[in-house]
$ cat my_file21.cif   # mmCIF, C-alpha atoms
data_model
#
loop_
_atom_site.label_atom_id
_atom_site.label_comp_id
_atom_site.auth_asym_id
_atom_site.auth_seq_id
_atom_site.Cartn_x
_atom_site.Cartn_y
_atom_site.Cartn_z
CA MET B 75 -153.02 31.37 74.96
CA ILE B 76 -155.68 28.65 74.85
CA GLU B 77 -154.28 25.14 74.52
CA LEU B 78 -156.59 22.48 73.13
CA LYS B 79 -155.89 19.06 74.62
CA SER B 80 -155.70 15.79 72.74
CA PRO B 81 -157.95 12.87 73.76
CA ALA B 82 -154.92 11.24 75.42
CA GLU B 83 -154.21 14.39 77.42
CA ILE B 84 -157.85 14.63 78.50
CA ASP B 85 -157.60 11.02 79.66
CA ARG B 86 -154.67 12.04 81.87
CA MET B 87 -156.68 14.94 83.28
CA HIS B 88 -159.48 12.47 83.95
CA VAL B 89 -157.13 10.44 86.15
CA THR B 90 -156.48 13.58 88.18
CA GLY B 91 -160.17 14.43 88.23
CA ARG B 92 -161.11 11.07 89.70
CA PHE B 93 -158.64 11.60 92.51
CA VAL B 94 -159.95 15.12 93.21
CA ALA B 95 -163.45 13.65 93.38
CA GLU B 96 -162.24 11.01 95.83
CA VAL B 97 -160.69 13.59 98.15
CA LEU B 98 -163.78 15.82 98.11
CA THR B 99 -165.99 12.82 98.87
CA GLU B 100 -163.79 11.94 101.84
CA VAL B 101 -163.73 15.53 103.12
CA GLY B 102 -167.51 15.68 102.89
CA ARG B 103 -167.81 12.41 104.79
CA LEU B 104 -165.52 13.63 107.58
CA ALA B 105 -167.07 17.09 107.93
CA ASP B 106 -169.14 16.80 111.10
CA VAL B 107 -170.03 18.73 114.23
CA GLY B 108 -166.91 19.06 116.39
CA VAL B 109 -164.40 18.54 113.56
CA ASN B 110 -161.68 21.17 113.19
CA LEU B 111 -161.01 22.60 109.72
CA MET B 112 -157.31 21.86 110.22
CA ASP B 113 -158.16 18.17 110.68
CA LEU B 114 -159.75 18.22 107.21
CA GLU B 115 -156.74 20.07 105.80
CA HIS B 116 -154.29 17.52 107.19
CA HIS B 117 -156.40 14.62 105.99
CA ALA B 118 -156.36 16.06 102.47
CA ARG B 119 -152.60 16.56 102.72
CA GLY B 120 -152.17 12.90 103.60
CA MET B 121 -154.28 11.71 100.68
CA ILE B 122 -152.39 13.95 98.25
CA LYS B 123 -149.00 12.78 99.52
CA ARG B 124 -149.93 9.09 99.37
CA ARG B 125 -151.18 9.47 95.79
CA GLY B 126 -148.03 11.29 94.68
CA ALA B 127 -150.13 14.26 93.56
CA GLU B 128 -149.16 17.92 93.89
CA SER B 129 -151.38 20.61 95.35
CA CYS B 130 -152.13 23.53 93.05
CA TYR B 131 -152.78 25.71 96.11
CA TRP B 132 -149.58 25.23 98.08
CA ASP B 133 -147.42 28.31 97.45
CA TYR B 134 -150.11 29.73 95.12
CA ALA B 135 -149.55 33.49 95.05
CA PRO B 136 -151.85 35.35 92.61
CA SER B 137 -152.17 39.11 92.56
CA PHE B 138 -155.37 39.10 94.63
CA GLY B 139 -153.98 36.94 97.46
CA LYS B 140 -151.91 37.88 100.48
CA GLY B 141 -148.62 36.01 100.17
CA PRO B 142 -148.38 32.33 99.26
CA PHE B 143 -151.28 30.04 100.16
CA ARG B 144 -149.82 27.44 102.53
CA ASN B 145 -152.58 24.84 102.52
CA VAL B 146 -153.77 22.21 100.05
CA ILE B 147 -157.53 22.77 100.15
CA CYS B 148 -159.84 25.78 100.41
CA LEU B 149 -162.38 25.42 103.24
CA SER B 150 -165.01 28.15 103.40
CA VAL B 151 -167.72 28.30 106.08
CA ASN B 152 -171.18 29.93 105.97
CA ASP B 153 -170.80 33.44 104.48
CA ALA B 154 -167.33 32.54 103.18
CA VAL B 155 -167.47 31.12 99.66
CA LEU B 156 -164.08 31.23 97.91
CA HIS B 157 -160.43 30.69 98.86
CA GLY B 158 -161.26 29.92 102.48
CA LEU B 159 -157.97 29.63 104.34
CA PRO B 160 -158.09 26.59 106.65
CA HIS B 161 -157.68 27.68 110.27
CA ASP B 162 -158.46 26.64 113.83
CA TYR B 163 -162.25 26.50 113.60
CA VAL B 164 -164.48 23.73 114.97
CA LEU B 165 -167.52 22.99 112.81
CA ARG B 166 -170.93 23.59 114.42
CA ASP B 167 -174.36 22.16 113.80
CA GLY B 168 -175.89 23.78 110.72
CA ASP B 169 -172.63 25.17 109.31
CA VAL B 170 -172.36 25.35 105.52
CA LEU B 171 -168.94 24.15 104.36
CA THR B 172 -167.46 24.55 100.88
CA ALA B 173 -164.41 22.46 100.02
CA ASP B 174 -162.49 23.40 96.87
CA LEU B 175 -159.55 21.29 95.67
CA ALA B 176 -157.15 21.42 92.73
CA VAL B 177 -154.16 19.12 92.22
CA THR B 178 -151.92 17.88 89.44
CA ILE B 179 -150.91 14.29 88.77
CA ASP B 180 -148.11 13.69 86.28
CA GLY B 181 -148.36 17.31 85.17
CA TRP B 182 -152.13 17.50 84.54
CA ALA B 183 -154.60 19.41 86.70
CA ALA B 184 -158.21 19.05 87.78
CA ASP B 185 -160.29 21.35 89.97
CA SER B 186 -163.61 20.80 91.75
CA ALA B 187 -165.67 22.14 94.64
CA ARG B 188 -168.73 21.09 96.60
CA THR B 189 -170.78 22.58 99.41
CA VAL B 190 -172.17 20.43 102.22
CA ILE B 191 -174.15 21.08 105.39
CA VAL B 192 -172.76 19.96 108.72
CA GLY B 193 -175.33 18.37 111.01
CA THR B 194 -178.88 19.74 110.81
CA PRO B 195 -179.69 21.38 107.45
CA ALA B 196 -181.75 24.54 107.07
CA GLU B 197 -184.04 24.62 104.03
CA GLU B 198 -182.65 27.96 102.80
CA ASP B 199 -179.13 26.48 102.85
CA LEU B 200 -180.26 23.37 100.95
CA ARG B 201 -181.91 25.69 98.43
CA ILE B 202 -178.81 27.72 97.60
CA ILE B 203 -176.67 24.60 97.33
CA ARG B 204 -179.25 23.11 94.99
CA ALA B 205 -179.17 26.29 92.89
CA THR B 206 -175.40 26.10 92.37
CA GLU B 207 -175.65 22.39 91.50
CA GLU B 208 -178.41 23.03 88.97
CA ALA B 209 -176.48 25.96 87.51
CA LEU B 210 -173.41 23.76 87.15
CA GLU B 211 -175.38 21.03 85.36
CA ALA B 212 -176.95 23.64 83.06
CA ALA B 213 -173.48 24.99 82.27
CA ILE B 214 -172.10 21.51 81.59
CA GLU B 215 -174.98 20.72 79.23
CA VAL B 216 -174.09 23.62 76.90
CA THR B 217 -170.32 23.04 77.04
CA ARG B 218 -170.38 21.54 73.57
CA ALA B 219 -168.42 22.06 70.39
CA GLY B 220 -169.97 24.81 68.27
CA ASN B 221 -171.55 26.64 71.19
CA ARG B 222 -170.03 29.81 72.56
CA LEU B 223 -168.55 30.81 75.89
CA GLY B 224 -171.48 33.14 76.53
CA ASP B 225 -173.84 30.17 76.37
CA ILE B 226 -172.18 28.76 79.50
CA SER B 227 -172.36 32.08 81.34
CA ALA B 228 -175.98 32.61 80.30
CA ALA B 229 -176.96 29.12 81.49
CA ILE B 230 -175.53 29.78 84.94
CA GLY B 231 -177.06 33.23 85.15
CA ALA B 232 -180.48 31.94 84.15
CA VAL B 233 -180.56 29.46 87.03
CA ALA B 234 -179.45 32.14 89.49
CA GLU B 235 -182.19 34.46 88.22
CA ALA B 236 -184.82 31.74 88.52
CA TYR B 237 -183.85 31.21 92.16
CA GLY B 238 -183.60 34.94 92.84
CA TYR B 239 -179.89 34.98 93.66
CA PRO B 240 -177.63 37.84 92.52
CA VAL B 241 -174.45 36.97 90.59
CA ASN B 242 -170.93 38.22 91.19
CA THR B 243 -168.78 38.40 88.04
CA GLU B 244 -165.38 39.12 89.62
CA PHE B 245 -164.60 35.44 90.16
CA GLY B 246 -165.82 32.61 87.96
CA GLY B 247 -164.69 29.64 85.94
CA HIS B 248 -161.47 29.32 83.98
CA GLY B 249 -159.41 27.27 81.61
CA ILE B 250 -157.43 24.42 83.13
CA GLY B 251 -154.91 21.86 81.95
CA ARG B 252 -151.21 21.89 82.69
CA THR B 253 -151.90 24.42 85.45
CA MET B 254 -154.91 25.22 87.61
CA HIS B 255 -155.69 28.57 85.96
CA GLU B 256 -155.39 28.97 82.21
CA ASP B 257 -157.19 31.15 79.67
CA VAL B 258 -160.17 31.77 79.41
CA HIS B 259 -162.26 33.38 82.14
CA VAL B 260 -165.80 31.99 82.35
CA SER B 261 -168.18 34.49 83.91
CA ASN B 262 -171.15 33.24 85.90
CA LYS B 263 -173.37 35.71 84.04
CA GLY B 264 -173.41 36.55 80.36
CA THR B 265 -175.18 36.61 77.01
CA ALA B 266 -175.88 33.50 74.95
CA GLY B 267 -174.31 33.43 71.49
CA ARG B 268 -171.45 35.72 72.48
CA GLY B 269 -167.76 35.04 73.00
CA MET B 270 -165.34 32.48 71.64
CA LYS B 271 -166.59 29.31 69.94
CA LEU B 272 -166.07 26.12 71.94
CA LYS B 273 -163.84 23.54 70.24
CA PRO B 274 -163.03 19.91 71.05
CA GLY B 275 -160.06 19.73 73.39
CA LEU B 276 -161.01 22.83 75.38
CA THR B 277 -160.96 22.07 79.12
CA LEU B 278 -162.70 24.35 81.58
CA ALA B 279 -163.34 24.53 85.32
CA LEU B 280 -166.95 25.70 85.63
CA GLU B 281 -167.87 27.07 89.03
CA PRO B 282 -171.16 28.79 89.80
CA TRP B 283 -171.23 30.30 93.28
CA PHE B 284 -173.94 32.43 94.81
CA ALA B 285 -174.69 34.37 97.98
CA ARG B 286 -178.28 34.65 99.11
CA THR B 287 -178.75 38.40 99.02
CA THR B 288 -175.72 40.16 97.51
CA ASP B 289 -173.33 40.09 94.58
CA ARG B 290 -170.69 42.01 96.52
CA ILE B 291 -167.73 40.40 98.27
CA VAL B 292 -165.21 41.28 100.98
CA PHE B 293 -161.87 39.76 101.94
CA ASP B 294 -160.93 38.55 105.40
CA PRO B 295 -157.84 40.01 107.08
CA ASP B 296 -156.03 36.79 106.08
CA GLY B 297 -156.03 38.21 102.54
CA TRP B 298 -157.56 35.07 101.04
CA THR B 299 -160.99 34.17 102.37
CA ILE B 300 -163.77 35.79 100.33
CA ARG B 301 -167.15 36.39 101.99
CA SER B 302 -170.49 37.81 100.99
CA ALA B 303 -170.44 41.53 101.79
CA ASP B 304 -173.68 41.38 103.79
CA GLY B 305 -172.92 38.18 105.72
CA SER B 306 -175.52 36.10 103.87
CA ARG B 307 -174.77 32.43 103.40
CA THR B 308 -173.22 31.08 100.24
CA ALA B 309 -172.66 27.95 98.16
CA HIS B 310 -170.25 26.88 95.41
CA SER B 311 -170.24 23.93 92.98
CA GLU B 312 -167.46 23.22 90.48
CA HIS B 313 -166.39 20.58 87.97
CA THR B 314 -163.62 20.28 85.42
CA VAL B 315 -165.20 19.65 82.00
CA ALA B 316 -163.78 18.78 78.59
CA VAL B 317 -165.33 19.73 75.26
CA THR B 318 -165.39 16.69 72.97
CA GLU B 319 -166.73 15.83 69.52
CA GLY B 320 -169.91 14.70 71.30
CA ALA B 321 -171.29 15.19 74.80
CA PRO B 322 -169.29 17.17 77.38
CA LEU B 323 -167.04 15.01 79.55
CA VAL B 324 -167.04 15.79 83.28
CA LEU B 325 -163.61 14.86 84.63
CA THR B 326 -164.35 15.32 88.35
CA ARG B 327 -167.65 13.48 88.88
CA ARG B 328 -167.94 11.95 92.35
CA ALA B 329 -169.09 8.35 92.71
CA ALA B 330 -172.45 9.42 94.19
CA GLU B 331 -173.11 11.65 91.18
CA LEU B 332 -172.19 8.90 88.73
CA GLY B 333 -174.67 6.63 90.50
CA ASN B 334 -177.43 9.15 89.84
CA ASN B 335 -176.70 9.55 86.14
#
$ encode --input "my_file21.cif" --output "C-alpha cells"
Amino acid sequence: MIELKSPAEIDRMHVTGRFVAEVLTEVGRLADVGVNLMDLEHHARGMIKRRGAESCYWDYAPSFGKGPFRNVICLSVNDAVLHGLPHDYVLRDGDVLTADLAVTIDGWAADSARTVIVGTPAEEDLRIIRATEEALEAAIEVTRAGNRLGDISAAIGAVAEAYGYPVNTEFGGHGIGRTMHEDVHVSNKGTAGRGMKLKPGLTLALEPWFARTTDRIVFDPDGWTIRSADGSRTAHSEHTVAVTEGAPLVLTRRAAELGNN
C-alpha cells in the first residue's frame, strides 16, 4: 500500500533527513587513510544515540540478507556498492567509500547515501561518482506531480547510458515514510511515461548506483555486502525526495549541496 504523506508529515521527515545529512557529512569528513571502518560505525552510533534517533539497519532482516544486520550504517569499499557490512578494515589511499544511512526520528524515516574518495582520487573514480550524482539530480528533477514512475527510471538510465555504465535493476529506489522500505520499487532503468502517476505526498528514496563495467552483482560470505561481479569499482548516490504541488523537495540535502544550489 502506498501512503501519501501530509505536508506536516513531510516536515517531520525533513527533520530526520537533515540529521541523516549531518551524519553522512561527518562520516565523509572522518574517512581518511588509516581510519578503520569500525571507527566510522561507532562514530555514527554515537551521533544517532545522542540525537535520540533509531537506526533502520540495526536488526534489519530482509529476505536477501543473512540474519539481522547489527550495525547502524552501510560502509562499502571499492567494488562493494550496497549493504556493506562494517568490519575491521583500514582505509587506504585511493579507496572509494560509500556510506548509506537510514534512521527514524519520532517515527519518521529518511535515507541517503554518498560516495567519497579517500586520499588521492583517480579520475575514473571521480567520473563514476559524478555519474551517480548527475543521475540522482536528473531523477529528482522529474519527481513531480503528474509525471510517472517510469520518468524517474528513464532519467537515471539515460545518464548511465551517456556515461557508458551498465545498470543493474535488482536493487533500486523505494518508497519511504514510517519505515525505511515502503512501496513502490523505483528501478534505475525504465521507460518514460510508464508506471504509476506521481502524486503530492509521495515520498521516495532515489538511489542510482553503477559499476564501471558490469550490471551483475555478487554477495560476500557475510551475506550482506554486494559487489560488482567483475570487481570493477562502483558508486552510489541517494536522497529522500517528496513530491509536492510544486518542485520536488529533497529531504536529505547536505549543507555543501545547499550551498551550491
$ atom_distance --input "my_file21.cif" --atom1 "CA of Pro282 (chain B)" --atom2 "CA of Thr206 (chain B)"
5.6 Å
$ closest_residue --input "my_file21.cif" --among "B:Pro274, B:Gly102, B:Gly246, B:Pro136" --to "Thr172 (chain B)" --atoms "all atoms listed in the file"
B:Gly102
$ residues_around --input "my_file21.cif" --residues "Thr253 (chain B)" --least-positions-apart "2" --cutoff "12 Å" --atoms "only C-alpha atoms" --output "ChimeraX atom specification"
/B:77,87,128-131,134,176-185,248-251,255-257,277-279
$ atom_distance --input "my_file21.cif" --atom1 "CA of Met254 (chain B)" --atom2 "CA of Gly220 (chain B)"
24.5 Å
$ closest_residue --input "my_file21.cif" --among "B:Ala127, B:Leu210, B:Val170, B:Val97" --to "Ser227 (chain B)" --atoms "only C-alpha atoms"
B:Leu210
$ resolve_selection --input "my_file21.cif" --expression "the PyMOL selection byres ((chain B and resi 239) around 7)" --output "list in words"
Ala234, Glu235, Tyr237, Gly238, Pro240, Val241, Phe284, Ala285, Arg286 and Thr287 of chain B
$ residues_near_point --input "my_file21.cif" --point "(-164.0, 9.7, 99.3)" --cutoff "12 Å" --atoms "only C-alpha atoms" --output "ChimeraX atom specification"
/B:92-105,117-118,121,327-330
$ write_last_selection --input "my_file21.cif" --atoms "C-alpha atoms" --output "PDB file, keeping the file's coordinate frame"
ATOM      1  CA  ARG B  92    -161.110  11.070  89.700  1.00  0.00           C
ATOM      2  CA  PHE B  93    -158.640  11.600  92.510  1.00  0.00           C
ATOM      3  CA  VAL B  94    -159.950  15.120  93.210  1.00  0.00           C
ATOM      4  CA  ALA B  95    -163.450  13.650  93.380  1.00  0.00           C
ATOM      5  CA  GLU B  96    -162.240  11.010  95.830  1.00  0.00           C
ATOM      6  CA  VAL B  97    -160.690  13.590  98.150  1.00  0.00           C
ATOM      7  CA  LEU B  98    -163.780  15.820  98.110  1.00  0.00           C
ATOM      8  CA  THR B  99    -165.990  12.820  98.870  1.00  0.00           C
ATOM      9  CA  GLU B 100    -163.790  11.940 101.840  1.00  0.00           C
ATOM     10  CA  VAL B 101    -163.730  15.530 103.120  1.00  0.00           C
ATOM     11  CA  GLY B 102    -167.510  15.680 102.890  1.00  0.00           C
ATOM     12  CA  ARG B 103    -167.810  12.410 104.790  1.00  0.00           C
ATOM     13  CA  LEU B 104    -165.520  13.630 107.580  1.00  0.00           C
ATOM     14  CA  ALA B 105    -167.070  17.090 107.930  1.00  0.00           C
ATOM     15  CA  HIS B 117    -156.400  14.620 105.990  1.00  0.00           C
ATOM     16  CA  ALA B 118    -156.360  16.060 102.470  1.00  0.00           C
ATOM     17  CA  MET B 121    -154.280  11.710 100.680  1.00  0.00           C
ATOM     18  CA  ARG B 327    -167.650  13.480  88.880  1.00  0.00           C
ATOM     19  CA  ARG B 328    -167.940  11.950  92.350  1.00  0.00           C
ATOM     20  CA  ALA B 329    -169.090   8.350  92.710  1.00  0.00           C
ATOM     21  CA  ALA B 330    -172.450   9.420  94.190  1.00  0.00           C
TER      22      ALA B 330
END
$ residues_around --input "my_file21.cif" --residues "region 302-308 of chain B" --least-positions-apart "2" --cutoff "8 Å" --atoms "only C-alpha atoms" --output "list in words"
Asn152, Asp153, Ala154, Val155, Val170, Asp199, Ile202, Ile203, Trp283, Phe284, Ala285, Arg286, Thr287, Thr288, Asp289, Arg290, Ile291, Val292, Ile300 and His310 of chain B
$ atom_distance --input "my_file21.cif" --atom1 "CA of Leu323 (chain B)" --atom2 "CA of Leu223 (chain B)"
16.3 Å
$ residues_near_point --input "my_file21.cif" --point "(-157.3, 17.7, 72.2)" --cutoff "12 Å" --atoms "all atoms listed in the file" --output "PyMOL selection string"
chain B and resi 76-87+251+273-277+316-319
$ write_last_selection --input "my_file21.cif" --atoms "C-alpha atoms" --output "mmCIF file, in the frame of the given file"
data_model
loop_
_atom_site.group_PDB
_atom_site.id
_atom_site.type_symbol
_atom_site.label_atom_id
_atom_site.label_comp_id
_atom_site.auth_asym_id
_atom_site.auth_seq_id
_atom_site.Cartn_x
_atom_site.Cartn_y
_atom_site.Cartn_z
ATOM 1 C CA ILE B 76 -155.680 28.650 74.850
ATOM 2 C CA GLU B 77 -154.280 25.140 74.520
ATOM 3 C CA LEU B 78 -156.590 22.480 73.130
ATOM 4 C CA LYS B 79 -155.890 19.060 74.620
ATOM 5 C CA SER B 80 -155.700 15.790 72.740
ATOM 6 C CA PRO B 81 -157.950 12.870 73.760
ATOM 7 C CA ALA B 82 -154.920 11.240 75.420
ATOM 8 C CA GLU B 83 -154.210 14.390 77.420
ATOM 9 C CA ILE B 84 -157.850 14.630 78.500
ATOM 10 C CA ASP B 85 -157.600 11.020 79.660
ATOM 11 C CA ARG B 86 -154.670 12.040 81.870
ATOM 12 C CA MET B 87 -156.680 14.940 83.280
ATOM 13 C CA GLY B 251 -154.910 21.860 81.950
ATOM 14 C CA LYS B 273 -163.840 23.540 70.240
ATOM 15 C CA PRO B 274 -163.030 19.910 71.050
ATOM 16 C CA GLY B 275 -160.060 19.730 73.390
ATOM 17 C CA LEU B 276 -161.010 22.830 75.380
ATOM 18 C CA THR B 277 -160.960 22.070 79.120
ATOM 19 C CA ALA B 316 -163.780 18.780 78.590
ATOM 20 C CA VAL B 317 -165.330 19.730 75.260
ATOM 21 C CA THR B 318 -165.390 16.690 72.970
ATOM 22 C CA GLU B 319 -166.730 15.830 69.520
#
$ closest_residue --input "my_file21.cif" --among "B:Pro195, B:Gly320, B:Gly247, B:Gly297" --to "Ala135 (chain B)" --atoms "all atoms listed in the file"
B:Gly297
$ residues_around --input "my_file21.cif" --residues "Val324 (chain B)" --least-positions-apart "3" --cutoff "9 Å" --atoms "only C-alpha atoms" --output "NGL selection string"
:B and (88 or 91 or 214 or 313-316 or 327)
$ resolve_selection --input "my_file21.cif" --expression "the PyMOL selection byres ((chain B and resi 106) around 7)" --output "PyMOL selection string"
chain B and resi 104-105+107-109+165+192-193
$ closest_residue --input "my_file21.cif" --among "B:Arg124, B:Glu281, B:Arg218, B:Gly269" --to "Phe245 (chain B)" --atoms "all atoms listed in the file"
B:Glu281
$ closest_residue --input "my_file21.cif" --among "B:Leu149, B:Leu159, B:Ala229, B:Val89" --to "Arg125 (chain B)" --atoms "only C-alpha atoms"
B:Val89
$ closest_residue --input "my_file21.cif" --among "B:Pro295, B:Gly231, B:Gly141, B:Gly224" --to "Leu272 (chain B)" --atoms "only C-alpha atoms"
B:Gly224
$ axis_aligned_box --input "my_file21.cif" --around "region 318-331 of chain B" --padding-each-side "4 Å" --output "AutoDock Vina command-line options"
--center_x -168.4 --center_y 12.8 --center_z 81.9 --size_x 17.5 --size_y 16.8 --size_z 32.7
$ build_atoms --input "my_file21.cif" --residues "region 216-234 of chain B" --atoms "N, CA, C and O atoms" --output "PDB file, in the coordinates of the input"
ATOM      1  N   VAL B 216    -174.341  22.794  78.094  1.00  0.00           N
ATOM      2  CA  VAL B 216    -174.090  23.620  76.900  1.00  0.00           C
ATOM      3  C   VAL B 216    -172.596  23.725  76.571  1.00  0.00           C
ATOM      4  O   VAL B 216    -172.218  24.446  75.641  1.00  0.00           O
ATOM      5  N   THR B 217    -171.756  23.013  77.323  1.00  0.00           N
ATOM      6  CA  THR B 217    -170.320  23.040  77.040  1.00  0.00           C
ATOM      7  C   THR B 217    -170.017  22.047  75.931  1.00  0.00           C
ATOM      8  O   THR B 217    -169.443  20.978  76.135  1.00  0.00           O
ATOM      9  N   ARG B 218    -170.457  22.415  74.744  1.00  0.00           N
ATOM     10  CA  ARG B 218    -170.380  21.540  73.570  1.00  0.00           C
ATOM     11  C   ARG B 218    -169.742  22.264  72.398  1.00  0.00           C
ATOM     12  O   ARG B 218    -169.889  23.491  72.261  1.00  0.00           O
ATOM     13  N   ALA B 219    -169.058  21.499  71.570  1.00  0.00           N
ATOM     14  CA  ALA B 219    -168.420  22.060  70.390  1.00  0.00           C
ATOM     15  C   ALA B 219    -169.451  22.790  69.524  1.00  0.00           C
ATOM     16  O   ALA B 219    -170.551  22.292  69.290  1.00  0.00           O
ATOM     17  N   GLY B 220    -169.090  24.000  69.094  1.00  0.00           N
ATOM     18  CA  GLY B 220    -169.970  24.810  68.270  1.00  0.00           C
ATOM     19  C   GLY B 220    -170.740  25.855  69.055  1.00  0.00           C
ATOM     20  O   GLY B 220    -171.155  26.872  68.483  1.00  0.00           O
ATOM     21  N   ASN B 221    -170.956  25.608  70.344  1.00  0.00           N
ATOM     22  CA  ASN B 221    -171.550  26.640  71.190  1.00  0.00           C
ATOM     23  C   ASN B 221    -170.515  27.696  71.531  1.00  0.00           C
ATOM     24  O   ASN B 221    -169.338  27.569  71.181  1.00  0.00           O
ATOM     25  N   ARG B 222    -170.941  28.724  72.227  1.00  0.00           N
ATOM     26  CA  ARG B 222    -170.030  29.810  72.560  1.00  0.00           C
ATOM     27  C   ARG B 222    -169.900  29.967  74.081  1.00  0.00           C
ATOM     28  O   ARG B 222    -170.747  29.496  74.840  1.00  0.00           O
ATOM     29  N   LEU B 223    -168.831  30.639  74.471  1.00  0.00           N
ATOM     30  CA  LEU B 223    -168.550  30.810  75.890  1.00  0.00           C
ATOM     31  C   LEU B 223    -169.724  31.486  76.602  1.00  0.00           C
ATOM     32  O   LEU B 223    -170.076  31.134  77.732  1.00  0.00           O
ATOM     33  N   GLY B 224    -170.352  32.441  75.933  1.00  0.00           N
ATOM     34  CA  GLY B 224    -171.480  33.140  76.530  1.00  0.00           C
ATOM     35  C   GLY B 224    -172.661  32.231  76.827  1.00  0.00           C
ATOM     36  O   GLY B 224    -173.474  32.528  77.708  1.00  0.00           O
ATOM     37  N   ASP B 225    -172.764  31.112  76.095  1.00  0.00           N
ATOM     38  CA  ASP B 225    -173.840  30.170  76.370  1.00  0.00           C
ATOM     39  C   ASP B 225    -173.684  29.562  77.764  1.00  0.00           C
ATOM     40  O   ASP B 225    -174.682  29.320  78.463  1.00  0.00           O
ATOM     41  N   ILE B 226    -172.441  29.302  78.159  1.00  0.00           N
ATOM     42  CA  ILE B 226    -172.180  28.760  79.500  1.00  0.00           C
ATOM     43  C   ILE B 226    -172.562  29.790  80.559  1.00  0.00           C
ATOM     44  O   ILE B 226    -173.274  29.489  81.521  1.00  0.00           O
ATOM     45  N   SER B 227    -172.083  31.013  80.371  1.00  0.00           N
ATOM     46  CA  SER B 227    -172.360  32.080  81.340  1.00  0.00           C
ATOM     47  C   SER B 227    -173.860  32.343  81.445  1.00  0.00           C
ATOM     48  O   SER B 227    -174.397  32.524  82.545  1.00  0.00           O
ATOM     49  N   ALA B 228    -174.538  32.345  80.295  1.00  0.00           N
ATOM     50  CA  ALA B 228    -175.980  32.610  80.300  1.00  0.00           C
ATOM     51  C   ALA B 228    -176.737  31.493  81.008  1.00  0.00           C
ATOM     52  O   ALA B 228    -177.729  31.750  81.708  1.00  0.00           O
ATOM     53  N   ALA B 229    -176.289  30.246  80.839  1.00  0.00           N
ATOM     54  CA  ALA B 229    -176.960  29.120  81.490  1.00  0.00           C
ATOM     55  C   ALA B 229    -176.866  29.229  83.003  1.00  0.00           C
ATOM     56  O   ALA B 229    -177.850  28.983  83.720  1.00  0.00           O
ATOM     57  N   ILE B 230    -175.702  29.607  83.493  1.00  0.00           N
ATOM     58  CA  ILE B 230    -175.530  29.780  84.940  1.00  0.00           C
ATOM     59  C   ILE B 230    -176.384  30.936  85.440  1.00  0.00           C
ATOM     60  O   ILE B 230    -177.107  30.818  86.434  1.00  0.00           O
ATOM     61  N   GLY B 231    -176.305  32.058  84.739  1.00  0.00           N
ATOM     62  CA  GLY B 231    -177.060  33.230  85.150  1.00  0.00           C
ATOM     63  C   GLY B 231    -178.559  33.013  85.157  1.00  0.00           C
ATOM     64  O   GLY B 231    -179.274  33.545  86.016  1.00  0.00           O
ATOM     65  N   ALA B 232    -179.046  32.193  84.220  1.00  0.00           N
ATOM     66  CA  ALA B 232    -180.480  31.940  84.150  1.00  0.00           C
ATOM     67  C   ALA B 232    -180.973  31.166  85.374  1.00  0.00           C
ATOM     68  O   ALA B 232    -182.061  31.437  85.899  1.00  0.00           O
ATOM     69  N   VAL B 233    -180.181  30.212  85.839  1.00  0.00           N
ATOM     70  CA  VAL B 233    -180.560  29.460  87.030  1.00  0.00           C
ATOM     71  C   VAL B 233    -180.562  30.375  88.255  1.00  0.00           C
ATOM     72  O   VAL B 233    -181.472  30.343  89.079  1.00  0.00           O
ATOM     73  N   ALA B 234    -179.512  31.199  88.367  1.00  0.00           N
ATOM     74  CA  ALA B 234    -179.450  32.140  89.490  1.00  0.00           C
ATOM     75  C   ALA B 234    -180.670  33.058  89.494  1.00  0.00           C
ATOM     76  O   ALA B 234    -181.291  33.292  90.546  1.00  0.00           O
TER      77      ALA B 234
END
